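The next block is structure-v2.cif, given as mmCIF, C-alpha atoms and all ligand atoms.
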data_final
loop_
_atom_site.label_atom_id
_atom_site.label_comp_id
_atom_site.auth_asym_id
_atom_site.auth_seq_id
_atom_site.Cartn_x
_atom_site.Cartn_y
_atom_site.Cartn_z
CA MET P 834 0.00 0.00 0.00
CA ASN P 835 1.36 3.39 -0.90
CA ALA P 836 -1.21 5.79 0.39
CA GLU P 837 -1.47 8.27 3.20
CA PRO P 838 -3.54 7.34 6.21
CA ASN P 839 -6.53 9.56 6.99
CA ARG P 840 -5.32 13.07 7.74
CA VAL P 841 -5.78 14.41 11.23
CA ASN P 842 -5.98 18.16 11.75
CA ALA P 843 -2.49 19.13 12.92
CA ASP P 844 -3.63 22.28 14.73
CA VAL P 845 -6.22 20.33 16.67
CA LEU P 846 -3.53 17.83 17.56
CA TYR P 847 -1.16 20.58 18.75
CA GLU P 848 -3.88 22.20 20.81
CA SER P 849 -4.65 18.84 22.37
CA PHE P 850 -1.22 18.54 24.02
CA ARG P 851 -1.38 18.52 27.81
CA PRO P 852 1.44 19.18 30.27
CA ASP P 853 1.89 15.41 30.62
CA SER P 854 1.78 14.62 26.87
CA PHE P 855 5.53 14.07 26.70
CA THR P 856 5.92 12.11 29.91
CA ARG P 857 6.50 8.37 30.15
CA THR P 858 5.29 5.63 32.48
CA ASP P 859 8.96 4.91 33.24
CA GLU P 860 10.70 8.21 33.96
CA SER P 861 13.87 6.53 35.24
CA ASP P 862 17.21 7.45 33.67
CA ASP P 863 17.22 6.34 30.00
CA ARG P 864 20.87 5.34 30.32
CA GLU P 865 19.85 2.70 32.86
CA PHE P 866 17.04 1.36 30.66
CA TYR P 867 19.29 1.09 27.60
CA LYS P 868 22.28 -0.28 29.56
CA ARG P 869 21.18 -3.82 28.63
CA ASP P 870 22.43 -4.73 25.16
CA ARG P 871 19.58 -5.44 22.76
CA MET P 872 21.12 -6.90 19.58
CA VAL P 873 17.66 -7.69 18.27
CA GLY P 874 15.65 -6.97 15.14
CA HIS P 875 12.97 -4.47 16.14
CA LEU P 876 10.87 -5.36 13.06
CA ASP P 877 10.24 -8.50 11.00
CA SER P 878 12.52 -9.17 8.04
CA LEU P 879 10.11 -7.87 5.38
CA ALA P 880 9.61 -4.60 7.24
CA LEU P 881 13.36 -4.28 7.73
CA ALA P 882 13.90 -4.88 4.00
CA THR P 883 11.37 -2.10 3.31
CA VAL P 884 13.22 0.22 5.71
CA GLU P 885 16.42 -0.52 3.80
CA ASN P 886 14.66 0.07 0.46
CA ILE P 887 13.26 3.39 1.60
CA ILE P 888 16.68 4.57 2.76
CA GLY P 889 18.24 3.39 -0.52
CA ARG P 890 15.65 5.25 -2.62
CA LEU P 891 15.69 8.52 -0.69
CA VAL P 892 19.41 8.93 -0.09
CA ILE P 893 20.55 10.13 -3.50
CA GLU P 894 23.61 12.06 -2.37
CA LYS P 895 26.99 10.80 -3.55
CA ASP P 896 29.26 9.91 -0.61
CA PRO P 897 26.88 11.39 1.95
CA ALA P 898 27.74 12.24 5.54
CA ILE P 899 24.98 10.47 7.51
CA LEU P 900 23.87 10.88 11.10
CA ASP P 901 22.01 7.87 12.48
CA LEU P 902 20.14 9.38 15.40
CA MET P 903 19.21 6.92 18.17
CA ALA P 904 21.36 4.26 16.59
CA SER P 905 21.91 0.69 17.69
CA TRP P 906 23.74 -2.30 16.18
CA SER P 907 22.32 -1.84 12.64
CA SER P 908 21.73 1.33 10.64
CA HIS P 909 19.74 -0.49 7.91
CA LEU P 910 21.84 1.07 5.14
CA PRO P 911 21.69 -0.86 1.85
CA ALA P 912 25.01 -2.43 0.87
CA GLU P 913 25.22 -0.34 -2.29
CA LEU P 914 24.98 2.93 -0.33
CA ARG P 915 28.53 4.22 -0.04
CA ALA P 916 28.73 6.88 2.66
CA ALA P 917 31.69 9.16 3.28
CA LYS P 918 30.93 8.95 6.98
CA VAL P 919 28.22 7.49 9.21
CA THR P 920 27.93 8.88 12.72
CA GLY P 921 25.83 6.87 15.15
CA LEU P 922 24.39 8.59 18.21
CA GLY P 923 22.67 6.38 20.75
CA LEU P 924 22.62 5.32 24.36
CA ASN P 925 24.26 1.91 24.34
CA GLY P 926 28.00 1.86 23.57
CA ASN P 927 28.10 -1.92 22.98
CA GLU P 928 25.29 -1.76 20.42
CA LEU P 929 27.06 1.10 18.62
CA ALA P 930 30.36 -0.82 18.71
CA ARG P 931 28.63 -3.75 16.99
CA ASN P 932 27.32 -1.52 14.17
CA GLU P 933 29.72 -2.02 11.27
CA ALA P 934 28.19 0.79 9.19
CA LEU P 935 29.36 3.43 11.67
CA SER P 936 32.58 5.37 11.32
CA GLU P 937 31.92 7.46 14.44
CA ARG P 938 30.06 6.48 17.62
CA ILE P 939 28.66 8.88 20.20
CA VAL P 940 26.83 7.99 23.40
CA HIS P 941 24.53 10.90 24.18
CA ASP P 942 21.21 11.12 26.01
CA LEU P 943 18.90 13.23 23.85
CA ASN P 944 16.24 13.41 26.53
CA ALA P 945 18.72 14.81 29.05
CA ASP P 946 20.33 17.15 26.50
CA PRO P 947 18.56 17.70 23.16
CA HIS P 948 21.47 19.72 21.78
CA LEU P 949 23.26 17.67 19.11
CA PRO P 950 27.05 17.75 19.55
CA PHE P 951 27.74 18.79 15.93
CA ALA P 952 28.40 22.01 14.06
CA ASP P 953 25.75 23.55 11.80
CA GLY P 954 25.20 22.11 8.32
CA VAL P 955 27.60 19.16 8.45
CA PHE P 956 25.32 16.25 7.45
CA ASP P 957 23.64 15.37 4.15
CA VAL P 958 21.24 12.95 5.80
CA VAL P 959 19.82 12.44 9.28
CA LEU P 960 18.09 9.10 9.90
CA ASN P 961 15.91 8.15 12.82
CA THR P 962 14.60 4.60 12.80
CA VAL P 963 11.92 3.17 15.12
CA SER P 964 12.91 5.57 17.89
CA VAL P 965 11.01 8.85 17.52
CA ASP P 966 8.43 7.58 20.04
CA TYR P 967 10.97 7.94 22.89
CA LEU P 968 11.73 11.65 22.47
CA VAL P 969 10.48 13.79 25.33
CA LYS P 970 11.62 16.98 23.56
CA PRO P 971 10.85 16.17 19.92
CA PHE P 972 10.38 19.80 18.86
CA GLU P 973 13.89 20.68 20.05
CA ILE P 974 15.40 17.57 18.46
CA PHE P 975 13.76 18.21 15.07
CA ALA P 976 15.07 21.77 15.17
CA GLU P 977 18.51 20.37 15.97
CA ALA P 978 18.29 17.89 13.08
CA GLY P 979 17.51 20.85 10.82
CA ARG P 980 20.45 22.79 12.23
CA VAL P 981 23.04 20.06 11.58
CA LEU P 982 21.75 19.31 8.05
CA LYS P 983 23.10 21.00 4.95
CA PRO P 984 20.53 23.00 2.95
CA GLY P 985 18.52 20.50 0.88
CA GLY P 986 19.66 17.64 3.16
CA LEU P 987 17.25 14.88 4.14
CA PHE P 988 15.75 14.09 7.53
CA LEU P 989 14.11 10.67 7.31
CA VAL P 990 12.05 9.41 10.24
CA LEU P 991 10.93 5.78 10.08
CA PHE P 992 8.66 4.09 12.59
CA SER P 993 6.31 1.19 13.09
CA ASN P 994 3.76 0.25 15.73
CA ARG P 995 6.05 -1.70 18.06
CA MET P 996 7.67 0.04 21.02
CA PHE P 997 8.84 -0.16 24.60
CA PRO P 998 5.56 1.43 25.84
CA GLU P 999 6.97 2.37 29.23
CA LYS P 1000 9.60 4.56 27.55
CA ALA P 1001 7.43 6.01 24.76
CA VAL P 1002 5.83 9.40 25.42
CA LYS P 1003 2.17 9.40 26.46
CA VAL P 1004 0.95 11.23 23.36
CA TRP P 1005 2.55 8.55 21.15
CA VAL P 1006 1.21 5.60 23.13
CA GLU P 1007 -2.32 7.01 23.08
CA ALA P 1008 -2.32 8.11 19.42
CA SER P 1009 -3.61 5.98 16.56
CA GLU P 1010 -1.11 5.07 13.83
CA ALA P 1011 -2.60 7.78 11.57
CA GLU P 1012 -2.24 10.34 14.36
CA ARG P 1013 1.41 9.35 14.86
CA VAL P 1014 2.11 10.23 11.23
CA GLU P 1015 0.52 13.59 11.86
CA LEU P 1016 2.48 14.04 15.05
CA VAL P 1017 5.80 13.51 13.27
CA ARG P 1018 4.69 15.84 10.49
CA LEU P 1019 3.99 18.41 13.19
CA TYR P 1020 7.47 17.96 14.68
CA PHE P 1021 8.90 18.80 11.26
CA ARG P 1022 6.60 21.75 10.62
CA LYS P 1023 7.02 23.42 14.01
CA SER P 1024 10.80 23.61 13.57
CA GLY P 1025 10.27 25.99 10.64
CA LEU P 1026 13.42 24.56 9.05
CA PHE P 1027 12.05 21.97 6.63
CA GLU P 1028 10.16 21.83 3.35
CA GLU P 1029 6.69 20.29 3.60
CA PRO P 1030 7.15 16.71 4.91
CA GLU P 1031 6.18 13.76 2.74
CA VAL P 1032 4.75 10.44 3.88
CA PHE P 1033 5.14 6.88 2.69
CA VAL P 1034 3.30 3.96 4.30
CA SER P 1035 3.84 0.24 3.87
CA ALA P 1036 1.22 -1.74 5.79
CA GLY P 1037 -0.98 -4.82 5.66
CA ARG P 1038 1.61 -7.05 3.98
CA PRO P 1039 1.94 -10.75 4.76
CA ARG P 1040 4.22 -11.59 7.64
CA PRO P 1041 7.30 -13.57 6.53
CA ARG P 1042 6.67 -17.30 6.99
CA ASP P 1043 9.81 -17.80 9.05
CA ASP P 1044 9.08 -14.92 11.45
CA LYS P 1045 8.88 -15.81 15.13
CA TYR P 1046 5.37 -14.29 15.32
CA ALA P 1047 4.11 -15.85 12.05
CA HIS P 1048 1.96 -18.34 14.00
CA LEU P 1049 -0.07 -15.43 15.44
CA GLY P 1050 -1.48 -14.70 11.99
CA ILE P 1051 -0.62 -11.01 12.21
CA PRO P 1052 0.56 -8.99 9.20
CA SER P 1053 4.11 -7.80 8.70
CA ASP P 1054 5.08 -4.82 10.86
CA PRO P 1055 3.92 -1.62 9.17
CA VAL P 1056 6.57 0.89 8.13
CA TYR P 1057 5.86 4.62 8.16
CA ALA P 1058 8.33 7.05 6.64
CA VAL P 1059 7.92 10.78 7.19
CA TYR P 1060 10.67 12.81 5.56
CA ALA P 1061 11.55 16.31 4.48
CA GLU P 1062 14.45 18.27 3.09
CA ARG P 1063 16.17 21.07 4.97
CA MET P 1064 15.06 24.42 3.54
CA GLY P 1065 17.52 26.36 1.42
CA GLY P 1066 18.49 23.62 -1.05
CA ALA P 1067 19.51 24.66 -4.56
CA ALA P 1068 16.49 25.17 -6.81
CA ALA P 1069 18.00 22.88 -9.48
CA ARG P 1070 18.76 19.98 -7.11
CA PRO P 1071 17.66 16.49 -8.23
CA LYS P 1072 14.34 15.26 -6.88
CA ARG P 1073 14.34 12.28 -4.57
CA PRO P 1074 12.39 9.34 -6.03
CA LYS P 1075 9.32 8.09 -4.17
CA PRO P 1076 10.06 5.18 -1.85
CA VAL P 1077 8.89 1.68 -2.78
CA GLU P 1078 8.24 -1.43 -0.73
CA SER P 1079 10.56 -4.40 -0.90
CA PRO P 1080 9.12 -7.42 -2.72
CA VAL P 1081 7.33 -9.95 -0.52
CA ASP P 1082 9.57 -12.84 0.47
CA ALA P 1083 12.49 -11.24 -1.30
CA PRO P 1084 15.38 -13.60 -0.85
CA ALA P 1085 17.89 -12.09 1.55
CA LYS P 1086 20.83 -10.61 -0.28
CA LYS P 1087 23.42 -13.29 0.22
CA ASP P 1088 27.13 -12.95 -0.26
CA PRO P 1089 27.83 -15.47 -3.02
CA ARG P 1090 31.31 -16.20 -1.65
CA PRO P 1091 31.81 -19.31 0.52
CA VAL P 1092 31.83 -18.87 4.30
CA ARG P 1093 35.53 -19.79 4.48
CA GLU P 1094 36.36 -16.63 2.53
CA THR P 1095 34.01 -14.21 4.28
CA LEU P 1096 33.72 -15.69 7.79
CA ARG P 1097 30.22 -14.18 7.74
CA CYS P 1098 27.12 -16.02 8.87
CA PRO P 1099 25.24 -17.19 5.75
CA HIS P 1100 21.92 -16.64 7.57
CA CYS P 1101 22.29 -13.00 8.63
CA GLY P 1102 25.50 -11.79 7.00
CA GLU P 1103 27.08 -10.78 10.30
CA ARG P 1104 30.79 -11.39 10.78
CA MET P 1105 31.33 -14.44 12.97
CA LYS P 1106 33.60 -14.39 16.00
CA LYS P 1107 36.62 -16.57 16.53
CA TRP P 1108 35.87 -18.90 19.44
CA ALA P 1109 38.31 -21.12 21.34
CA THR P 1110 37.00 -24.63 22.03
CA PRO P 1111 37.03 -25.60 25.75
CA ASN P 1112 40.43 -26.74 26.88
CA HIS P 1113 40.08 -29.41 29.60
CA PRO P 1114 40.74 -33.16 29.84
CA PHE P 1115 37.13 -34.09 29.03
CA SER P 1116 36.78 -31.88 25.98
CA THR P 1117 35.77 -33.83 22.89
CA TRP P 1118 36.73 -31.07 20.48
CA ASP P 1119 39.59 -31.98 18.16
CA THR P 1120 39.99 -28.48 16.80
CA ASP P 1121 41.26 -25.38 18.62
CA PHE P 1122 39.07 -22.72 17.02
CA LEU P 1123 35.64 -22.37 15.51
CA TYR P 1124 33.77 -19.35 14.17
CA ILE P 1125 30.36 -18.61 15.71
CA CYS P 1126 27.61 -16.17 14.74
CA PHE P 1127 26.74 -14.26 17.91
CA ASN P 1128 23.96 -12.17 16.36
CA ASP P 1129 20.98 -12.72 18.68
CA GLY P 1130 18.61 -11.54 15.93
CA CYS P 1131 20.03 -13.99 13.34
CA PRO P 1132 17.15 -15.90 11.68
CA TYR P 1133 19.03 -19.14 12.47
CA VAL P 1134 18.89 -18.40 16.23
CA VAL P 1135 15.30 -17.18 15.99
CA ARG P 1136 14.11 -20.31 14.12
CA CYS P 1137 16.04 -22.62 16.42
CA TRP P 1138 14.05 -21.48 19.51
CA THR P 1139 10.95 -22.96 17.86
CA ALA P 1140 12.69 -26.04 16.51
CA MET P 1141 14.18 -26.89 19.92
CA SER P 1142 10.87 -26.36 21.61
CA LYS P 1143 9.19 -28.79 19.18
CA GLN P 1144 11.91 -31.33 20.01
CA GLY P 1145 11.06 -31.08 23.71
CA ASN P 1146 13.79 -28.57 24.64
CA PRO P 1147 11.87 -25.37 25.41
CA GLY P 1148 14.01 -22.36 26.28
CA MET P 1149 16.92 -23.52 24.13
CA SER P 1150 18.18 -22.35 20.77
CA CYS P 1151 21.37 -22.84 18.75
CA ARG P 1152 24.01 -20.80 17.06
CA PHE P 1153 25.47 -21.22 13.58
CA VAL P 1154 29.06 -22.45 13.82
CA TYR P 1155 31.69 -22.76 11.11
CA ASP P 1156 34.52 -25.25 11.55
CA PRO P 1157 37.47 -23.98 9.45
CA ALA P 1158 39.44 -27.24 9.84
CA ARG P 1159 36.71 -29.22 8.05
CA ASP P 1160 35.18 -26.34 6.08
CA SER P 1161 31.81 -27.41 7.44
CA ALA P 1162 28.91 -26.00 9.44
CA ILE P 1163 27.46 -27.25 12.71
CA ALA P 1164 24.78 -26.09 15.16
CA LEU P 1165 25.72 -25.55 18.80
CA PRO P 1166 22.82 -25.69 21.28
CA ILE P 1167 22.58 -22.80 23.74
CA VAL P 1168 20.56 -22.46 26.93
CA ASN P 1169 20.51 -18.66 26.77
CA LEU P 1170 21.94 -15.85 24.66
CA ASN P 1171 24.95 -15.37 26.94
CA ALA P 1172 26.09 -18.97 26.56
CA LEU P 1173 29.41 -19.54 24.73
CA ARG P 1174 30.38 -15.87 24.89
CA ASP P 1175 33.23 -16.62 27.34
CA GLY P 1176 35.09 -18.42 24.57
CA ILE P 1177 35.26 -15.46 22.18
CA VAL P 1178 38.92 -14.74 21.45
CA GLU P 1179 38.62 -12.28 18.59
CA GLU P 1180 35.88 -9.72 18.02
C1 LIG B 1201 14.06 0.63 19.33
S1 LIG B 1201 15.74 1.02 19.38
C2 LIG B 1201 16.07 1.41 17.68
C3 LIG B 1201 17.51 1.35 17.36
C4 LIG B 1201 17.87 1.61 15.89
N1 LIG B 1201 17.59 2.96 15.49
C5 LIG B 1201 17.26 0.58 14.97
O1 LIG B 1201 16.67 0.99 13.97
O2 LIG B 1201 17.38 -0.62 15.21
C6 LIG B 1201 15.74 2.59 20.18
C7 LIG B 1201 17.10 3.22 20.27
O3 LIG B 1201 16.96 4.55 20.75
C8 LIG B 1201 18.05 4.88 21.55
N2 LIG B 1201 17.61 5.83 22.55
C9 LIG B 1201 16.56 5.68 23.38
N3 LIG B 1201 16.45 6.74 24.21
C10 LIG B 1201 17.46 7.58 23.88
C11 LIG B 1201 17.89 8.82 24.38
N4 LIG B 1201 17.30 9.39 25.42
N5 LIG B 1201 18.98 9.40 23.80
C12 LIG B 1201 19.63 8.80 22.77
N6 LIG B 1201 19.25 7.61 22.26
C13 LIG B 1201 18.19 7.00 22.81
C14 LIG B 1201 18.50 3.56 22.20
O4 LIG B 1201 19.88 3.52 22.40
C15 LIG B 1201 18.06 2.50 21.21
O5 LIG B 1201 19.13 2.03 20.48
#
Now, as a test, write the supplied structure out as structure tokens.
Amino acid sequence: MNAEPNRVNADVLYESFRPDSFTRTDESDDREFYKRDRMVGHLDSLALATVENIIGRLVIEKDPAILDLMASWSSHLPAELRAAKVTGLGLNGNELARNEALSERIVHDLNADPHLPFADGVFDVVLNTVSVDYLVKPFEIFAEAGRVLKPGGLFLVLFSNRMFPEKAVKVWVEASEAERVELVRLYFRKSGLFEEPEVFVSAGRPRPRDDKYAHLGIPSDPVYAVYAERMGGAAARPKRPKPVESPVDAPAKKDPRPVRETLRCPHCGERMKKWATPNHPFSTWDTDFLYICFNDGCPYVVRCWTAMSKQGNPGMSCRFVYDPARDSAIALPIVNLNALRDGIVEE
């Protein structure tokens, strides 16, 4: 679907704000809440592919300087997008360290200090993915995004309907999905720094068959994109093409090279970690090192929770393991996501 949801009167929405509209159920320090690493996929794979497609369509700059605002372990940049620099600003240093797209990582609490630690007009693109719901000072942050963008630069805000409700602001939690689109449009407009925001919606698509929630019969996670250019761009600048959805059940883009050359997990593409086999008299391993995919959101790990449960081992999953001595793959059972991590010898 490529249509706007029903419009809600923005002025009425603005007038409806109450003093508690931007409060949360959990007002504890955000740094505490986000201290726990969450290397997870916040959307199903089809929705994530659509997010990637939207970014790939809208970012038309050559060698752009990109700011990923409220970043985690993935910035969802398509492989063909070559950026001069990608700065990730978020709250969890480990998640940022895991994000291979980033060339600069900054831990900064936007709710404590909405000022962005960058000079004026230094970025071509500012991205904000599935995070706008957590901003307690969105008007200030949108003005800051406008300040750090070059004239004509793109601010792209992507969101869905999943959230940590205790950390999302009241107005967001209580709004319908159509009202949330209007809310984000309002954030743009009130800054006075952007051209009229545009909207793209992808919703009501079939949930991928291998998704962990497929059995619930719910559709794929919707993706909303609200985006606008910073005012002051050259009149003759190229127009950004309209976003498009990714094809249903598009095969994941796989690296055609064998695992032995890439040492990347063939299921999620993440670089595997070198892992020392246990060294004690009862060890049955006859090889010193293996390579293991430690991506907790890897489809292999996600599918294995279900498979193990069906085999009578609820609460267990497995990780994809590559044995370089035999050039072969094996599955190692795990009792939780922290298992095996002690053996990592090379990040
Ligand atoms: C749902 S995750 C989305 C992460 C990432 N953008 C993505 O697309 O996967 C929300 C992110 O917002 C960041 N975040 C939440 N509150 C924040 C705050 N007060 N200041 C800066 N970042 C924050 C967290 O670090 C977390 O990574």
Checklist entry - Which is closest to P:Glu1012 among P:Ala1158, P:Leu876, P:Arg1070, P:Asn994, if we use all atoms listed in the file? => result P:Asn994
Checklist entry - Within 6 Å of stretch 887-891 of chain P, counting all atoms listed in the file, which residues qualify if same-chain residues fewer than 4 places away don't, as a PyMOL selection string? => result chain P and resi 911+1073+1076
Write out as a tab-separated table a residue-level contact list of chain P versus ligand LIG 1201 (chain B) with cut-off 7 Å: for each qualifying residue the closest pair of atoms and the distance in Å to one decimal, counting all atoms listed in the file, rows sorted by chain and residue number upward.
residue	atom	partner	partner_atom	distance
P:Asp863	CA	B:LIG1201	N4	5.5
P:Tyr867	CA	B:LIG1201	O4	5.8
P:Gly874	CA	B:LIG1201	O2	6.6
P:His875	CA	B:LIG1201	O2	5.9
P:Leu902	CA	B:LIG1201	N1	6.9
P:Met903	CA	B:LIG1201	C8	4.1
P:Ala904	CA	B:LIG1201	N1	4.1
P:Ser905	CA	B:LIG1201	O5	4.2
P:Trp906	CA	B:LIG1201	O2	6.6
P:Ser907	CA	B:LIG1201	O2	5.7
P:Ser908	CA	B:LIG1201	O1	6.1
P:His909	CA	B:LIG1201	O1	7.0
P:Leu922	CA	B:LIG1201	C12	6.6
P:Gly923	CA	B:LIG1201	N6	3.9
P:Leu924	CA	B:LIG1201	O4	3.8
P:Asn925	CA	B:LIG1201	O4	5.1
P:His941	CA	B:LIG1201	C12	5.5
P:Asp942	CA	B:LIG1201	N5	3.6
P:Leu943	CA	B:LIG1201	N5	3.8
P:Asn944	CA	B:LIG1201	N4	4.3
P:Ala945	CA	B:LIG1201	N4	6.7
P:Asn961	CA	B:LIG1201	N1	6.1
P:Thr962	CA	B:LIG1201	O1	4.3
P:Val963	CA	B:LIG1201	C2	5.2
P:Ser964	CA	B:LIG1201	C6	4.7
P:Tyr967	CA	B:LIG1201	N3	5.8
P:Leu968	CA	B:LIG1201	N4	6.7
P:Met996	CA	B:LIG1201	C1	6.6
As a PDB file with C-alpha atoms, keeping the file's coordinate frame, please: the residues near stretch 883-886 of chain P (cut-off 8 Å, all atoms listed in the file, same-chain neighbours under 5 positions excluded).
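Result file is out.pdb:
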ATOM      1  CA  HIS P 909      19.740  -0.490   7.910  1.00  0.00           C
ATOM      2  CA  LEU P 910      21.840   1.070   5.140  1.00  0.00           C
ATOM      3  CA  PRO P 911      21.690  -0.860   1.850  1.00  0.00           C
ATOM      4  CA  LEU P 991      10.930   5.780  10.080  1.00  0.00           C
ATOM      5  CA  SER P1035       3.840   0.240   3.870  1.00  0.00           C
ATOM      6  CA  VAL P1056       6.570   0.890   8.130  1.00  0.00           C
ATOM      7  CA  PRO P1076      10.060   5.180  -1.850  1.00  0.00           C
ATOM      8  CA  VAL P1077       8.890   1.680  -2.780  1.00  0.00           C
ATOM      9  CA  GLU P1078       8.240  -1.430  -0.730  1.00  0.00           C
ATOM     10  CA  SER P1079      10.560  -4.400  -0.900  1.00  0.00           C
TER      11      SER P1079
END
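Of the residues listed (P:Arg1018, P:His1048, P:Lys1075, P:Arg1097), P:Lys1075 shows the shortest atom-to-atom separation from P:Phe1033; distances use all atoms listed in the file.
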Checklist outcome for this item: Judged by all atoms listed in the file, the minimum distance to P:Lys1106 among P:Glu894, P:Asp1119, P:Asp966, P:Glu1179 is found for P:Glu1179
Quick one: residues within 7 Å of P:Gly985, all atoms listed in the file, excluding same-chain residues fewer than 2 positions away - as a compact mmCIF listing (two decimals) with C-alpha atoms, keeping the file's coordinate frame?
# COMPACT_ATOMS: atom_id res chain seq x y z
CA LYS P 983 23.10 21.00 4.95
CA LEU P 987 17.25 14.88 4.14
CA GLU P 1062 14.45 18.27 3.09
CA ARG P 1063 16.17 21.07 4.97
CA MET P 1064 15.06 24.42 3.54
CA GLY P 1065 17.52 26.36 1.42
CA GLY P 1066 18.49 23.62 -1.05
CA ALA P 1067 19.51 24.66 -4.56
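Across the model, the gap from atom CA of P:Leu900 to atom CA of P:Phe956 is 6.7 Å.
Between P:Tyr1060 and the residues P:Gly979, P:Pro1157, P:Pro1030, P:Pro984, the shortest atom-to-atom distance, using all atoms listed in the file, involves P:Pro1030.
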Item to check | Residue with smallest distance to P:Val1059 - pool P:Lys1045, P:Arg1013, P:Arg915, P:Lys868, counting all atoms listed in the file | outcome: P:Arg1013
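Considering only C-alpha atoms, the residue among P:His1113, P:Arg1040, P:Arg1090, P:Arg1152 positioned nearest to P:Asp1054 is P:Arg1040.
As for atom CA of P:Ala1061 and atom CA of P:Ala1001, they are spaced 23.1 Å apart.
Interatomic distance, atom CA of P:Tyr1057 against atom CA of P:Glu1015: 11.1 Å.
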Next on the checklist: Please list, as a VMD selection string, the residues that have an atom at most 10 Å away from (5.5, 21.7, 14.6) in the coordinates of this file, counting all atoms listed in the file.
Outcome noted: chain P and resid 843 to 844 847 971 to 972 975 to 976 1015 to 1025
Counting all atoms listed in the file, what is within 10 Å of P:Arg869, bar same-chain residues fewer than 3 positions away, as a PDB file with C-alpha atoms, in the frame of the given file?
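Just written: around-v1.pdb:
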ATOM      1  CA  ARG P 864      20.870   5.340  30.320  1.00  0.00           C
ATOM      2  CA  GLU P 865      19.850   2.700  32.860  1.00  0.00           C
ATOM      3  CA  PHE P 866      17.040   1.360  30.660  1.00  0.00           C
ATOM      4  CA  MET P 872      21.120  -6.900  19.580  1.00  0.00           C
ATOM      5  CA  ASN P 925      24.260   1.910  24.340  1.00  0.00           C
ATOM      6  CA  ASN P 927      28.100  -1.920  22.980  1.00  0.00           C
ATOM      7  CA  GLU P 928      25.290  -1.760  20.420  1.00  0.00           C
TER       8      GLU P 928
END
Point (19.5, 20.0, 17.3) neighbourhood (9 Å, all atoms listed in the file) written as a PDB file with C-alpha atoms, keeping the file's coordinate frame:
ATOM      1  CA  PRO P 947      18.560  17.700  23.160  1.00  0.00           C
ATOM      2  CA  HIS P 948      21.470  19.720  21.780  1.00  0.00           C
ATOM      3  CA  LEU P 949      23.260  17.670  19.110  1.00  0.00           C
ATOM      4  CA  PRO P 950      27.050  17.750  19.550  1.00  0.00           C
ATOM      5  CA  PHE P 951      27.740  18.790  15.930  1.00  0.00           C
ATOM      6  CA  GLU P 973      13.890  20.680  20.050  1.00  0.00           C
ATOM      7  CA  ILE P 974      15.400  17.570  18.460  1.00  0.00           C
ATOM      8  CA  PHE P 975      13.760  18.210  15.070  1.00  0.00           C
ATOM      9  CA  ALA P 976      15.070  21.770  15.170  1.00  0.00           C
ATOM     10  CA  GLU P 977      18.510  20.370  15.970  1.00  0.00           C
ATOM     11  CA  ALA P 978      18.290  17.890  13.080  1.00  0.00           C
ATOM     12  CA  GLY P 979      17.510  20.850  10.820  1.00  0.00           C
ATOM     13  CA  ARG P 980      20.450  22.790  12.230  1.00  0.00           C
ATOM     14  CA  VAL P 981      23.040  20.060  11.580  1.00  0.00           C
TER      15      VAL P 981
END
Give me stretch 916-925 of chain P with N, CA and C atoms filled in, as a PDB file, keeping the file's coordinate frame.
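What follows is the written file selection.pdb:
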ATOM      1  N   ALA P 916      28.752   5.607   1.935  1.00  0.00           N
ATOM      2  CA  ALA P 916      28.730   6.880   2.660  1.00  0.00           C
ATOM      3  C   ALA P 916      30.165   7.326   2.952  1.00  0.00           C
ATOM      4  N   ALA P 917      30.379   8.633   2.929  1.00  0.00           N
ATOM      5  CA  ALA P 917      31.690   9.160   3.280  1.00  0.00           C
ATOM      6  C   ALA P 917      31.922   8.952   4.776  1.00  0.00           C
ATOM      7  N   LYS P 918      30.813   9.026   5.531  1.00  0.00           N
ATOM      8  CA  LYS P 918      30.930   8.950   6.980  1.00  0.00           C
ATOM      9  C   LYS P 918      29.555   8.636   7.553  1.00  0.00           C
ATOM     10  N   VAL P 919      29.490   7.751   8.528  1.00  0.00           N
ATOM     11  CA  VAL P 919      28.220   7.490   9.210  1.00  0.00           C
ATOM     12  C   VAL P 919      28.457   7.647  10.706  1.00  0.00           C
ATOM     13  N   THR P 920      27.806   8.640  11.287  1.00  0.00           N
ATOM     14  CA  THR P 920      27.930   8.880  12.720  1.00  0.00           C
ATOM     15  C   THR P 920      26.709   8.283  13.405  1.00  0.00           C
ATOM     16  N   GLY P 921      26.943   7.448  14.393  1.00  0.00           N
ATOM     17  CA  GLY P 921      25.830   6.870  15.150  1.00  0.00           C
ATOM     18  C   GLY P 921      25.764   7.507  16.518  1.00  0.00           C
ATOM     19  N   LEU P 922      24.587   8.019  16.866  1.00  0.00           N
ATOM     20  CA  LEU P 922      24.390   8.590  18.210  1.00  0.00           C
ATOM     21  C   LEU P 922      23.296   7.770  18.887  1.00  0.00           C
ATOM     22  N   GLY P 923      23.646   7.200  20.025  1.00  0.00           N
ATOM     23  CA  GLY P 923      22.670   6.380  20.750  1.00  0.00           C
ATOM     24  C   GLY P 923      23.031   6.316  22.213  1.00  0.00           C
ATOM     25  N   LEU P 924      22.406   5.385  22.916  1.00  0.00           N
ATOM     26  CA  LEU P 924      22.620   5.320  24.360  1.00  0.00           C
ATOM     27  C   LEU P 924      23.424   4.111  24.805  1.00  0.00           C
ATOM     28  N   ASN P 925      23.582   3.131  23.914  1.00  0.00           N
ATOM     29  CA  ASN P 925      24.260   1.910  24.340  1.00  0.00           C
ATOM     30  C   ASN P 925      25.554   1.738  23.540  1.00  0.00           C
TER      31      ASN P 925
END
